[in-house]
Structure formats: structure tokens, C-alpha cells
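Participant: data-v2.cif is reproduced below (mmCIF, C-alpha atoms and all ligand atoms).
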```cif
data_my_file
#
loop_
_atom_site.label_atom_id
_atom_site.label_comp_id
_atom_site.auth_asym_id
_atom_site.auth_seq_id
_atom_site.Cartn_x
_atom_site.Cartn_y
_atom_site.Cartn_z
CA MET A 257 -30.51 25.88 -11.66
CA LYS A 258 -29.57 22.83 -9.58
CA TYR A 259 -27.55 23.27 -6.38
CA ILE A 260 -25.05 20.55 -5.65
CA ALA A 261 -22.85 20.04 -2.60
CA SER A 262 -19.82 18.05 -3.55
CA ILE A 263 -18.57 15.96 -0.62
CA SER A 264 -15.52 13.79 -0.12
CA GLY A 265 -16.41 12.53 3.36
CA GLY A 266 -13.68 14.81 4.71
CA GLN A 267 -14.55 17.24 7.47
CA ASP A 268 -14.50 20.42 5.37
CA SER A 269 -17.02 19.44 2.71
CA THR A 270 -19.18 17.67 5.31
CA ALA A 271 -19.34 20.70 7.59
CA MET A 272 -20.05 22.93 4.59
CA THR A 273 -22.97 20.74 3.51
CA VAL A 274 -24.54 20.44 6.95
CA ARG A 275 -24.24 24.18 7.57
CA LEU A 276 -25.75 25.02 4.16
CA LEU A 277 -28.75 22.85 5.01
CA GLU A 278 -29.00 24.28 8.50
CA LEU A 279 -29.05 27.82 7.10
CA GLY A 280 -31.71 26.84 4.55
CA HIS A 281 -29.58 27.33 1.43
CA PRO A 282 -30.80 25.37 -1.59
CA VAL A 283 -29.22 21.91 -1.94
CA ASP A 284 -30.70 19.58 -4.56
CA TYR A 285 -28.03 16.89 -4.46
CA ILE A 286 -25.17 15.91 -2.17
CA VAL A 287 -22.72 14.12 -4.41
CA PHE A 288 -19.90 11.78 -3.46
CA CYS A 289 -17.58 10.23 -6.09
CA ASP A 290 -16.31 6.84 -4.96
CA THR A 291 -12.75 6.06 -6.07
CA GLY A 292 -12.90 2.53 -4.63
CA ASN A 293 -9.89 3.44 -2.48
CA GLU A 294 -11.52 5.06 0.53
CA PHE A 295 -10.76 3.80 4.01
CA PRO A 296 -13.28 1.21 5.28
CA GLN A 297 -13.87 3.70 8.12
CA MET A 298 -14.78 6.34 5.54
CA TYR A 299 -17.40 4.11 3.93
CA ASP A 300 -18.87 3.46 7.39
CA TYR A 301 -18.85 7.18 8.15
CA LEU A 302 -20.56 8.01 4.86
CA LYS A 303 -23.30 5.48 5.56
CA ARG A 304 -23.88 7.06 8.97
CA LEU A 305 -23.80 10.57 7.50
CA ASP A 306 -26.23 9.58 4.74
CA LYS A 307 -28.75 8.30 7.32
CA TRP A 308 -28.30 11.40 9.48
CA LEU A 309 -28.82 13.77 6.54
CA LEU A 310 -31.91 11.89 5.40
CA LYS A 311 -33.40 11.92 8.88
CA THR A 312 -32.50 15.54 9.65
CA TYR A 313 -32.96 17.27 6.30
CA GLY A 314 -34.71 14.70 4.08
CA ILE A 315 -31.82 14.57 1.60
CA GLY A 316 -29.32 11.72 1.35
CA ILE A 317 -26.01 11.31 -0.46
CA THR A 318 -25.89 10.45 -4.17
CA PHE A 319 -23.04 7.96 -4.52
CA LEU A 320 -21.40 8.11 -7.96
CA HIS A 321 -19.06 5.43 -9.28
CA ALA A 322 -16.67 5.50 -12.21
CA PRO A 323 -16.56 2.34 -14.33
CA LYS A 324 -13.10 1.62 -12.86
CA THR A 325 -11.66 1.95 -9.36
CA LEU A 326 -8.34 3.61 -8.58
CA LYS A 327 -6.65 0.19 -8.57
CA ASP A 328 -8.21 -0.80 -11.91
CA LEU A 329 -6.93 2.42 -13.44
CA CYS A 330 -3.41 2.04 -12.03
CA PHE A 331 -3.10 -1.45 -13.45
CA SER A 332 -4.59 -0.80 -16.89
CA PRO A 333 -2.45 0.04 -19.89
CA PHE A 334 -2.37 3.40 -21.64
CA THR A 335 -4.65 3.21 -24.66
CA LYS A 336 -2.94 5.84 -26.79
CA GLY A 337 0.21 7.94 -27.12
CA LYS A 338 3.77 6.81 -26.99
CA LEU A 339 3.17 4.76 -23.82
CA LYS A 340 0.31 2.82 -25.43
CA GLY A 341 0.20 -0.72 -24.05
CA GLN A 342 2.30 0.03 -20.94
CA VAL A 343 0.63 -0.31 -17.55
CA ARG A 344 0.10 3.13 -16.03
CA GLY A 345 1.12 2.47 -12.45
CA MET A 346 0.55 5.08 -9.77
CA PRO A 347 -1.01 8.47 -10.46
CA TYR A 348 1.32 11.47 -10.75
CA SER A 349 2.00 13.04 -7.39
CA SER A 350 2.07 16.55 -8.82
CA SER A 351 -0.54 18.21 -11.04
CA MET A 352 -3.95 16.72 -11.81
CA SER A 353 -3.55 13.03 -12.56
CA PHE A 354 -5.78 10.46 -14.25
CA CYS A 355 -7.32 9.53 -10.88
CA THR A 356 -8.83 12.97 -10.20
CA ARG A 357 -9.91 13.31 -13.81
CA ASP A 358 -11.40 9.82 -14.34
CA LEU A 359 -12.69 9.06 -10.85
CA LYS A 360 -13.99 12.46 -9.78
CA LYS A 361 -14.09 15.28 -12.33
CA ASN A 362 -15.48 13.36 -15.32
CA VAL A 363 -17.90 11.35 -13.18
CA SER A 364 -19.44 14.35 -11.44
CA GLU A 365 -19.58 16.41 -14.65
CA ARG A 366 -21.36 13.55 -16.46
CA PHE A 367 -23.91 13.45 -13.62
CA TYR A 368 -24.41 17.23 -13.73
CA LYS A 369 -24.84 17.18 -17.50
CA GLY A 370 -27.57 14.52 -17.14
CA LEU A 371 -29.55 16.97 -14.98
CA LYS A 372 -30.04 19.10 -18.11
CA ASP A 373 -29.84 22.30 -16.11
CA ASP A 374 -27.24 24.79 -15.00
CA VAL A 375 -25.45 23.79 -11.83
CA THR A 376 -24.17 25.69 -8.83
CA GLN A 377 -21.53 23.53 -7.21
CA TYR A 378 -20.64 24.13 -3.55
CA ILE A 379 -16.97 23.32 -2.90
CA GLY A 380 -15.61 22.88 0.63
CA TYR A 381 -12.30 24.75 0.61
CA VAL A 382 -11.57 26.34 3.96
CA TYR A 383 -10.76 30.04 4.35
CA ARG A 384 -6.98 29.55 4.44
CA GLU A 385 -7.28 27.88 1.02
CA LYS A 386 -8.87 30.95 -0.55
CA ASN A 387 -6.17 31.03 -3.21
CA ARG A 388 -7.47 27.72 -4.57
CA LYS A 389 -10.77 29.30 -5.68
CA HIS A 390 -11.32 28.62 -9.37
CA GLN A 391 -14.04 28.72 -11.94
CA SER A 392 -15.20 25.56 -13.69
CA ASP A 393 -14.08 25.00 -17.26
CA LYS A 394 -17.67 23.98 -18.08
CA GLU A 395 -19.94 26.90 -18.89
CA TYR A 396 -22.98 25.27 -17.19
CA ILE A 397 -21.22 24.96 -13.80
CA ILE A 398 -20.75 27.82 -11.33
CA ASN A 399 -18.43 27.09 -8.39
CA ILE A 400 -19.02 28.71 -5.04
CA PHE A 401 -17.01 28.34 -1.84
CA PRO A 402 -19.17 28.80 1.28
CA LEU A 403 -16.45 28.04 3.87
CA ILE A 404 -14.30 30.79 2.38
CA ASP A 405 -17.25 33.20 2.45
CA TRP A 406 -17.91 32.30 6.10
CA GLN A 407 -14.17 32.48 6.93
CA TRP A 408 -14.22 28.98 8.40
CA ASN A 409 -10.97 27.10 8.93
CA GLU A 410 -10.32 23.54 10.14
CA ASP A 411 -10.79 24.36 13.85
CA THR A 412 -14.27 25.82 13.26
CA VAL A 413 -15.18 22.98 10.93
CA GLN A 414 -14.12 20.36 13.44
CA SER A 415 -15.88 21.85 16.44
CA TYR A 416 -19.02 22.37 14.36
CA LEU A 417 -19.09 18.69 13.37
CA LYS A 418 -18.43 17.63 16.96
CA SER A 419 -21.41 19.73 18.06
CA LYS A 420 -23.54 17.74 15.59
CA THR A 421 -22.00 14.41 16.72
CA LEU A 422 -20.66 14.01 13.17
CA TYR A 423 -16.95 13.89 13.97
CA ASN A 424 -15.08 11.54 11.62
CA HIS A 425 -12.61 9.44 13.64
CA LEU A 426 -10.16 9.20 10.75
CA TYR A 427 -9.14 12.66 11.98
CA ASP A 428 -7.72 11.00 15.09
CA HIS A 429 -4.89 9.96 12.75
CA TYR A 430 -4.99 12.38 9.83
CA THR A 431 -5.21 16.10 9.26
CA ARG A 432 -6.55 15.55 5.73
CA THR A 433 -8.33 12.61 4.16
CA GLY A 434 -8.59 11.24 0.66
CA CYS A 435 -7.84 7.95 -1.02
CA MET A 436 -5.98 5.58 1.30
CA PHE A 437 -3.09 5.35 -1.16
CA CYS A 438 -3.18 8.90 -2.51
CA PRO A 439 0.25 9.69 -3.97
CA LYS A 440 -0.25 13.32 -2.95
CA GLN A 441 -0.37 12.58 0.75
CA SER A 442 2.40 13.77 3.03
CA LEU A 443 4.98 11.57 4.75
CA ASP A 444 3.04 12.10 7.97
CA SER A 445 -0.01 10.52 6.34
CA TRP A 446 1.99 7.54 5.10
CA TYR A 447 3.37 7.18 8.61
CA ALA A 448 -0.18 7.21 9.99
CA LEU A 449 -1.10 4.44 7.55
CA PHE A 450 1.97 2.42 8.60
CA CYS A 451 1.26 2.79 12.33
CA ASN A 452 -2.51 2.50 12.42
CA PHE A 453 -3.55 0.42 9.43
CA PRO A 454 -0.86 -2.26 8.91
CA ASP A 455 -3.04 -4.40 6.59
CA LEU A 456 -3.65 -1.43 4.33
CA TRP A 457 0.04 -0.50 4.44
CA ASN A 458 0.89 -4.04 3.27
CA GLU A 459 -1.68 -3.74 0.50
CA ALA A 460 -0.08 -0.46 -0.65
CA LYS A 461 3.31 -2.22 -0.72
CA ARG A 462 1.74 -4.96 -2.86
CA TRP A 463 0.66 -2.30 -5.39
CA GLU A 464 4.25 -1.10 -5.70
CA HIS A 465 5.50 -4.68 -5.95
CA ASP A 466 3.00 -5.44 -8.74
CA ALA A 467 3.78 -2.17 -10.52
CA ILE A 468 7.47 -3.13 -10.61
CA LYS A 469 6.64 -6.66 -11.76
CA GLN A 470 4.46 -5.33 -14.57
CA ASN A 471 7.04 -2.68 -15.53
CA ALA A 472 4.47 0.05 -15.01
CA HIS A 473 5.17 3.61 -16.11
CA ILE A 474 5.14 4.90 -12.49
CA LYS A 475 6.23 2.20 -10.08
CA HIS A 476 6.09 4.03 -6.75
CA PHE A 477 3.67 6.33 -4.98
CA ARG A 478 6.40 8.86 -4.24
CA SER A 479 9.23 10.02 -6.44
CA ASP A 480 11.75 10.11 -3.57
CA TYR A 481 11.15 6.95 -1.53
CA SER A 482 9.59 3.57 -2.22
CA LEU A 483 7.27 2.24 0.48
CA LEU A 484 9.95 -0.36 1.31
CA ASP A 485 12.42 2.48 1.96
CA LEU A 486 9.84 4.24 4.06
CA GLU A 487 9.07 1.11 6.03
CA LEU A 488 12.68 0.92 7.24
CA ARG A 489 12.59 4.54 8.32
CA PHE A 490 9.14 4.29 9.86
CA THR A 491 10.12 1.19 11.85
CA GLN A 492 13.07 3.08 13.28
CA GLN A 493 10.90 6.10 13.98
CA LYS A 494 8.25 4.01 15.73
CA LYS A 495 10.80 2.28 17.97
CA LYS A 496 12.11 5.66 19.10
CA GLN A 497 8.61 6.95 19.62
CA ASP A 498 7.62 3.90 21.65
CA LYS A 499 10.62 4.65 23.86
CA GLN A 500 9.46 8.28 23.90
CA VAL A 501 12.71 9.54 22.41
CA THR A 502 12.33 12.59 20.22
CA PHE A 503 13.32 11.73 16.69
CA ASP A 504 13.65 14.27 13.97
CA LEU A 505 12.62 12.82 10.62
CA LYS A 506 14.70 15.40 8.73
CA TRP A 507 12.82 14.62 5.58
CA ASN A 508 12.06 18.11 4.51
CA ASP A 509 8.50 16.95 3.96
CA GLU A 510 6.23 19.14 1.94
CA GLN A 511 3.07 20.49 3.48
CA VAL A 512 0.79 18.80 0.99
CA SER A 513 -2.64 20.23 1.34
CA CYS A 514 -4.31 18.71 -1.70
CA MET A 515 -5.63 15.23 -1.79
CA CYS A 516 -8.24 16.42 -4.27
CA GLY A 517 -11.02 16.25 -1.66
S1 LIG B 601 -7.49 11.61 -3.32
FE1 LIG B 601 -5.51 11.35 -4.36
S2 LIG B 601 -5.57 9.28 -5.31
FE2 LIG B 601 -7.66 9.87 -4.78
S3 LIG B 601 -8.47 10.73 -6.66
FE3 LIG B 601 -7.65 12.44 -5.41
S4 LIG B 601 -5.52 12.77 -6.06
FE4 LIG B 601 -6.23 10.75 -6.84
#
```
Rewrite the coordinates I just gave you, this time as C-alpha cells.
Ligand code: SF4

Facilitator:
Amino acid sequence: MKYIASISGGQDSTAMTVRLLELGHPVDYIVFCDTGNEFPQMYDYLKRLDKWLLKTYGIGITFLHAPKTLKDLCFSPFTKGKLKGQVRGMPYSSSMSFCTRDLKKNVSERFYKGLKDDVTQYIGYVYREKNRKHQSDKEYIINIFPLIDWQWNEDTVQSYLKSKTLYNHLYDHYTRTGCMFCPKQSLDSWYALFCNFPDLWNEAKRWEHDAIKQNAHIKHFRSDYSLLDLELRFTQQKKKQDKQVTFDLKWNDEQVSCMCG
């Protein structure tokens, strides 16, 4: 049996991994699947974390890469079915999309299979996400959820990482992390991108522009608003905020909790 901690760089899976090592649980690999669409700050954090883990516990992060990045996938055509030949565009914002499947699930499962052993996979869902527990559809993989067993939620996770000087500063702006342009992120997350990372916001707008130009199947990250629509609203919101006027977005935003991390 091989024991694998699956990390996204987010605080939950990181805290889970560090605590498992601290408690002396078996961990043979710490695996990160790179989508090519992580924040630059996330890549820096992962480098720092990798060094810290190596120095403290003698085990570093195994970085896995799919043959294509998120952007490559979005701008490649479907290869079969009735949409064959049409550029895909953005991943679906509901249900598992090609990004999770091709950039994370398939890549990690291929790695596990190459180990030629059964695998116990540690997954970092927090206690309040206990309803997300699921078994793997591969018979050689057993999923276990240590944070749920320990009844840890985000507050415990965050203070634990702070105590280890492993706080990830992306959490100054976000409550959850994932790909920079994840279509499953909430309006609050898009607003954080708009306010704090203007170059990346412009890049995301370019993706939508190119998807329209190439007549992609899905042309926008969200089904309700384009990023250009959002930019108008966000600009208005920011002006009010700068003047410290309370402004109610009235967008009936969903509480998206899944960015597949
Ligand atoms: S974080 Fe979002 S965009 Fe990235 S792989 Fe997961 S669902 Fe897809």
C-alpha cells in the first residue's frame, strides 16, 4: 500500500498533509497536479512549502503535469461527438468538467497506477464538507478524509498553518483557492481578481474575447455575466467602496465551495 497526500496548495490540503506528517502517519508521496493556471503567488508558495517539507520531514512535493494546460485545453477543438472540430472554450461551471478530469483526476490516477500498488489517498475536505466524502471509482484507490475525522474546519486549519509559519497570503484575498480563472469561483472571487490582480483580470478577459472570436462552444466563464459585464459592475462597486459607501451587490451569488481543490 502506498499512502498519498493530494495537495492543491490550498490551506486545507496543506494543513492536512503537515499534520499527518507531524503525527507520524505514513505518507509516501505528496502529489500536486499543475493545471498551468495557478496564481504566480501559488507557485511561489508551493516552492517554499516543498523546501520546508523536505527540510522538516524529508519528503518533498511530487509535481505532476498534464500534457496540456488549462488554456491549451480551452482552446483546443473537440475530437469526437457532434461538436467535433469546434473549440471547447471554458470548462462547464457545474458538474465535473474536462479541466478536473484531464488536468487532475486522470493525471493523478495515471501516477498512482504507475506505482503498481494499492493506494490510500488522503483528501483535504474540512469537517463542514463531510457530505462530500466519496469513494474512488478505481478499485485500487481508497480515499480517506483526515480533516473530517479530526473535525477540523477552516479556522483550525488557518491557525495551524500560521503556527507553522506556512500561511498562504492568497488567503488575504480569497476564502478558497484554485485555478486563477476557475469558472466555478464565486462572484466574490472574481471581484478579488479584478481588485487585486488587474493584469490577470485582463488576461481572463482576453480568454473570453478569443473564445468569442473562435466561436468556441462555451464563450464565457459564467453563464449569467460576461467578464465585460462584471467589469462595469465591479468598477461601480469599487468606487463606492473607495468612498466607504455600503453597496449591496444584489447578485444572489451562490456560495460556491468547490474549486476542485
Ligand atoms: S480549480 Fe476550477 S478550473 Fe481548475 S481544474 Fe478545478 S474546476 Fe477546473

Participant: Work out how far apart CA of His321 in chain A and CA of Ser364 in chain A are and give it in Å to one decimal.

Facilitator: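 Pair CA of His321 in chain A / CA of Ser364 in chain A returns 9.2 Å.
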
Participant: To one decimal in Å, tell me the separation between CA of His476 in chain A and CA of Pro296 in chain A.

Facilitator: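 Separation between CA of His476 in chain A and CA of Pro296 in chain A: 23.0 Å.
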
Participant: Would you write out, as a Markdown table, a table of all residues in chain A that have an atom no more than 10 Å from an atom of ligand LIG 601 (chain B), listing for each the closest atom pair and the distance in Å to one decimal, considering all atoms listed in the file and ordering rows by chain and rising residue number?

Facilitator:
```
| residue | atom | partner | partner_atom | distance |
| --- | --- | --- | --- | --- |
| A:Ser264 | CA | B:LIG601 | S1 | 8.9 |
| A:Cys289 | CA | B:LIG601 | S3 | 9.1 |
| A:Asp290 | CA | B:LIG601 | S3 | 8.9 |
| A:Thr291 | CA | B:LIG601 | S3 | 6.4 |
| A:Gly292 | CA | B:LIG601 | FE2 | 9.0 |
| A:Asn293 | CA | B:LIG601 | FE2 | 7.2 |
| A:Glu294 | CA | B:LIG601 | FE2 | 8.1 |
| A:Thr325 | CA | B:LIG601 | S3 | 9.7 |
| A:Leu326 | CA | B:LIG601 | S2 | 7.1 |
| A:Lys327 | CA | B:LIG601 | S2 | 9.7 |
| A:Met346 | CA | B:LIG601 | S2 | 8.7 |
| A:Pro347 | CA | B:LIG601 | FE4 | 6.7 |
| A:Tyr348 | CA | B:LIG601 | S4 | 8.4 |
| A:Ser349 | CA | B:LIG601 | S4 | 7.6 |
| A:Ser350 | CA | B:LIG601 | S4 | 8.9 |
| A:Ser351 | CA | B:LIG601 | S4 | 8.9 |
| A:Met352 | CA | B:LIG601 | S4 | 7.2 |
| A:Ser353 | CA | B:LIG601 | FE4 | 6.7 |
| A:Phe354 | CA | B:LIG601 | FE4 | 7.4 |
| A:Cys355 | CA | B:LIG601 | FE4 | 4.4 |
| A:Thr356 | CA | B:LIG601 | S3 | 4.2 |
| A:Arg357 | CA | B:LIG601 | S3 | 7.7 |
| A:Asp358 | CA | B:LIG601 | S3 | 8.3 |
| A:Leu359 | CA | B:LIG601 | S3 | 6.2 |
| A:Lys360 | CA | B:LIG601 | S3 | 6.6 |
| A:Lys361 | CA | B:LIG601 | S3 | 9.2 |
| A:Arg432 | CA | B:LIG601 | S1 | 9.9 |
| A:Thr433 | CA | B:LIG601 | S1 | 7.6 |
| A:Gly434 | CA | B:LIG601 | S1 | 4.1 |
| A:Cys435 | CA | B:LIG601 | FE2 | 4.2 |
| A:Met436 | CA | B:LIG601 | S2 | 7.6 |
| A:Phe437 | CA | B:LIG601 | S2 | 6.2 |
| A:Cys438 | CA | B:LIG601 | S2 | 3.7 |
| A:Pro439 | CA | B:LIG601 | S2 | 6.0 |
| A:Lys440 | CA | B:LIG601 | FE1 | 5.8 |
| A:Gln441 | CA | B:LIG601 | FE1 | 7.4 |
| A:Phe477 | CA | B:LIG601 | S2 | 9.7 |
| A:Cys514 | CA | B:LIG601 | S4 | 7.5 |
| A:Met515 | CA | B:LIG601 | S1 | 4.3 |
| A:Cys516 | CA | B:LIG601 | FE3 | 4.2 |
| A:Gly517 | CA | B:LIG601 | S1 | 6.1 |
```

Participant: Which one of A:Met298, A:Leu488, A:Ile286, A:Ala467 sits closest to Thr318 in chain A if you count only C-alpha atoms?

Facilitator: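 Checking each candidate against Thr318 in chain A, we get A:Ile286 as the closest.
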
Participant: My list of candidates is A:Cys330, A:Tyr313, A:Ser392, A:Tyr299. Which is closest to Gly280 in chain A when distances are computed with all atoms listed in the file?

Facilitator: A:Tyr313

Participant: Counting all atoms listed in the file, which residue out of A:Lys369, A:Phe450, A:Ile379, A:Trp408 sits closest to Arg489 in chain A?

Facilitator: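 Smallest distance to Arg489 in chain A is found for A:Phe450.
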
Participant: When you get a chance, write out N, CA, C and O atoms for range 313-331 of chain A, as a PDB file, in the coordinates of the input.

Facilitator:
```pdb
ATOM      1  N   TYR A 313     -32.611  16.299   7.339  1.00  0.00           N
ATOM      2  CA  TYR A 313     -32.960  17.270   6.300  1.00  0.00           C
ATOM      3  C   TYR A 313     -33.691  16.665   5.102  1.00  0.00           C
ATOM      4  O   TYR A 313     -33.976  17.359   4.125  1.00  0.00           O
ATOM      5  N   GLY A 314     -33.948  15.350   5.159  1.00  0.00           N
ATOM      6  CA  GLY A 314     -34.710  14.700   4.080  1.00  0.00           C
ATOM      7  C   GLY A 314     -33.946  14.602   2.770  1.00  0.00           C
ATOM      8  O   GLY A 314     -34.547  14.459   1.707  1.00  0.00           O
ATOM      9  N   ILE A 315     -32.614  14.714   2.828  1.00  0.00           N
ATOM     10  CA  ILE A 315     -31.820  14.570   1.600  1.00  0.00           C
ATOM     11  C   ILE A 315     -30.608  13.686   1.908  1.00  0.00           C
ATOM     12  O   ILE A 315     -29.890  13.930   2.880  1.00  0.00           O
ATOM     13  N   GLY A 316     -30.448  12.631   1.121  1.00  0.00           N
ATOM     14  CA  GLY A 316     -29.320  11.720   1.350  1.00  0.00           C
ATOM     15  C   GLY A 316     -28.191  12.014   0.365  1.00  0.00           C
ATOM     16  O   GLY A 316     -28.226  12.983  -0.393  1.00  0.00           O
ATOM     17  N   ILE A 317     -27.183  11.139   0.415  1.00  0.00           N
ATOM     18  CA  ILE A 317     -26.010  11.310  -0.460  1.00  0.00           C
ATOM     19  C   ILE A 317     -26.238  10.536  -1.755  1.00  0.00           C
ATOM     20  O   ILE A 317     -26.724   9.411  -1.739  1.00  0.00           O
ATOM     21  N   THR A 318     -25.888  11.155  -2.877  1.00  0.00           N
ATOM     22  CA  THR A 318     -25.890  10.450  -4.170  1.00  0.00           C
ATOM     23  C   THR A 318     -24.484   9.910  -4.383  1.00  0.00           C
ATOM     24  O   THR A 318     -23.531  10.687  -4.502  1.00  0.00           O
ATOM     25  N   PHE A 319     -24.361   8.585  -4.367  1.00  0.00           N
ATOM     26  CA  PHE A 319     -23.040   7.960  -4.520  1.00  0.00           C
ATOM     27  C   PHE A 319     -22.790   7.709  -6.008  1.00  0.00           C
ATOM     28  O   PHE A 319     -23.569   6.997  -6.654  1.00  0.00           O
ATOM     29  N   LEU A 320     -21.734   8.298  -6.535  1.00  0.00           N
ATOM     30  CA  LEU A 320     -21.400   8.110  -7.960  1.00  0.00           C
ATOM     31  C   LEU A 320     -20.166   7.213  -8.075  1.00  0.00           C
ATOM     32  O   LEU A 320     -19.234   7.321  -7.272  1.00  0.00           O
ATOM     33  N   HIS A 321     -20.182   6.354  -9.084  1.00  0.00           N
ATOM     34  CA  HIS A 321     -19.060   5.430  -9.280  1.00  0.00           C
ATOM     35  C   HIS A 321     -18.567   5.513 -10.708  1.00  0.00           C
ATOM     36  O   HIS A 321     -19.368   5.450 -11.644  1.00  0.00           O
ATOM     37  N   ALA A 322     -17.260   5.593 -10.867  1.00  0.00           N
ATOM     38  CA  ALA A 322     -16.670   5.500 -12.210  1.00  0.00           C
ATOM     39  C   ALA A 322     -16.693   4.023 -12.622  1.00  0.00           C
ATOM     40  O   ALA A 322     -16.792   3.149 -11.762  1.00  0.00           O
ATOM     41  N   PRO A 323     -16.583   3.754 -13.929  1.00  0.00           N
ATOM     42  CA  PRO A 323     -16.560   2.340 -14.330  1.00  0.00           C
ATOM     43  C   PRO A 323     -15.379   1.581 -13.732  1.00  0.00           C
ATOM     44  O   PRO A 323     -15.434   0.382 -13.531  1.00  0.00           O
ATOM     45  N   LYS A 324     -14.278   2.293 -13.430  1.00  0.00           N
ATOM     46  CA  LYS A 324     -13.100   1.620 -12.860  1.00  0.00           C
ATOM     47  C   LYS A 324     -12.744   2.234 -11.516  1.00  0.00           C
ATOM     48  O   LYS A 324     -12.979   3.424 -11.299  1.00  0.00           O
ATOM     49  N   THR A 325     -12.149   1.432 -10.646  1.00  0.00           N
ATOM     50  CA  THR A 325     -11.660   1.950  -9.360  1.00  0.00           C
ATOM     51  C   THR A 325     -10.247   2.494  -9.562  1.00  0.00           C
ATOM     52  O   THR A 325      -9.642   2.316 -10.625  1.00  0.00           O
ATOM     53  N   LEU A 326      -9.719   3.102  -8.505  1.00  0.00           N
ATOM     54  CA  LEU A 326      -8.340   3.610  -8.580  1.00  0.00           C
ATOM     55  C   LEU A 326      -7.379   2.467  -8.932  1.00  0.00           C
ATOM     56  O   LEU A 326      -6.518   2.615  -9.803  1.00  0.00           O
ATOM     57  N   LYS A 327      -7.564   1.313  -8.299  1.00  0.00           N
ATOM     58  CA  LYS A 327      -6.650   0.190  -8.570  1.00  0.00           C
ATOM     59  C   LYS A 327      -6.781  -0.279 -10.019  1.00  0.00           C
ATOM     60  O   LYS A 327      -5.777  -0.527 -10.693  1.00  0.00           O
ATOM     61  N   ASP A 328      -8.020  -0.386 -10.499  1.00  0.00           N
ATOM     62  CA  ASP A 328      -8.210  -0.800 -11.910  1.00  0.00           C
ATOM     63  C   ASP A 328      -7.454   0.141 -12.834  1.00  0.00           C
ATOM     64  O   ASP A 328      -6.798  -0.292 -13.782  1.00  0.00           O
ATOM     65  N   LEU A 329      -7.577   1.438 -12.550  1.00  0.00           N
ATOM     66  CA  LEU A 329      -6.930   2.420 -13.440  1.00  0.00           C
ATOM     67  C   LEU A 329      -5.403   2.291 -13.385  1.00  0.00           C
ATOM     68  O   LEU A 329      -4.739   2.336 -14.419  1.00  0.00           O
ATOM     69  N   CYS A 330      -4.877   2.123 -12.169  1.00  0.00           N
ATOM     70  CA  CYS A 330      -3.410   2.040 -12.030  1.00  0.00           C
ATOM     71  C   CYS A 330      -2.851   0.832 -12.765  1.00  0.00           C
ATOM     72  O   CYS A 330      -1.727   0.879 -13.261  1.00  0.00           O
ATOM     73  N   PHE A 331      -3.635  -0.231 -12.826  1.00  0.00           N
ATOM     74  CA  PHE A 331      -3.100  -1.450 -13.450  1.00  0.00           C
ATOM     75  C   PHE A 331      -3.685  -1.692 -14.834  1.00  0.00           C
ATOM     76  O   PHE A 331      -3.698  -2.809 -15.317  1.00  0.00           O
TER      77      PHE A 331
END
```
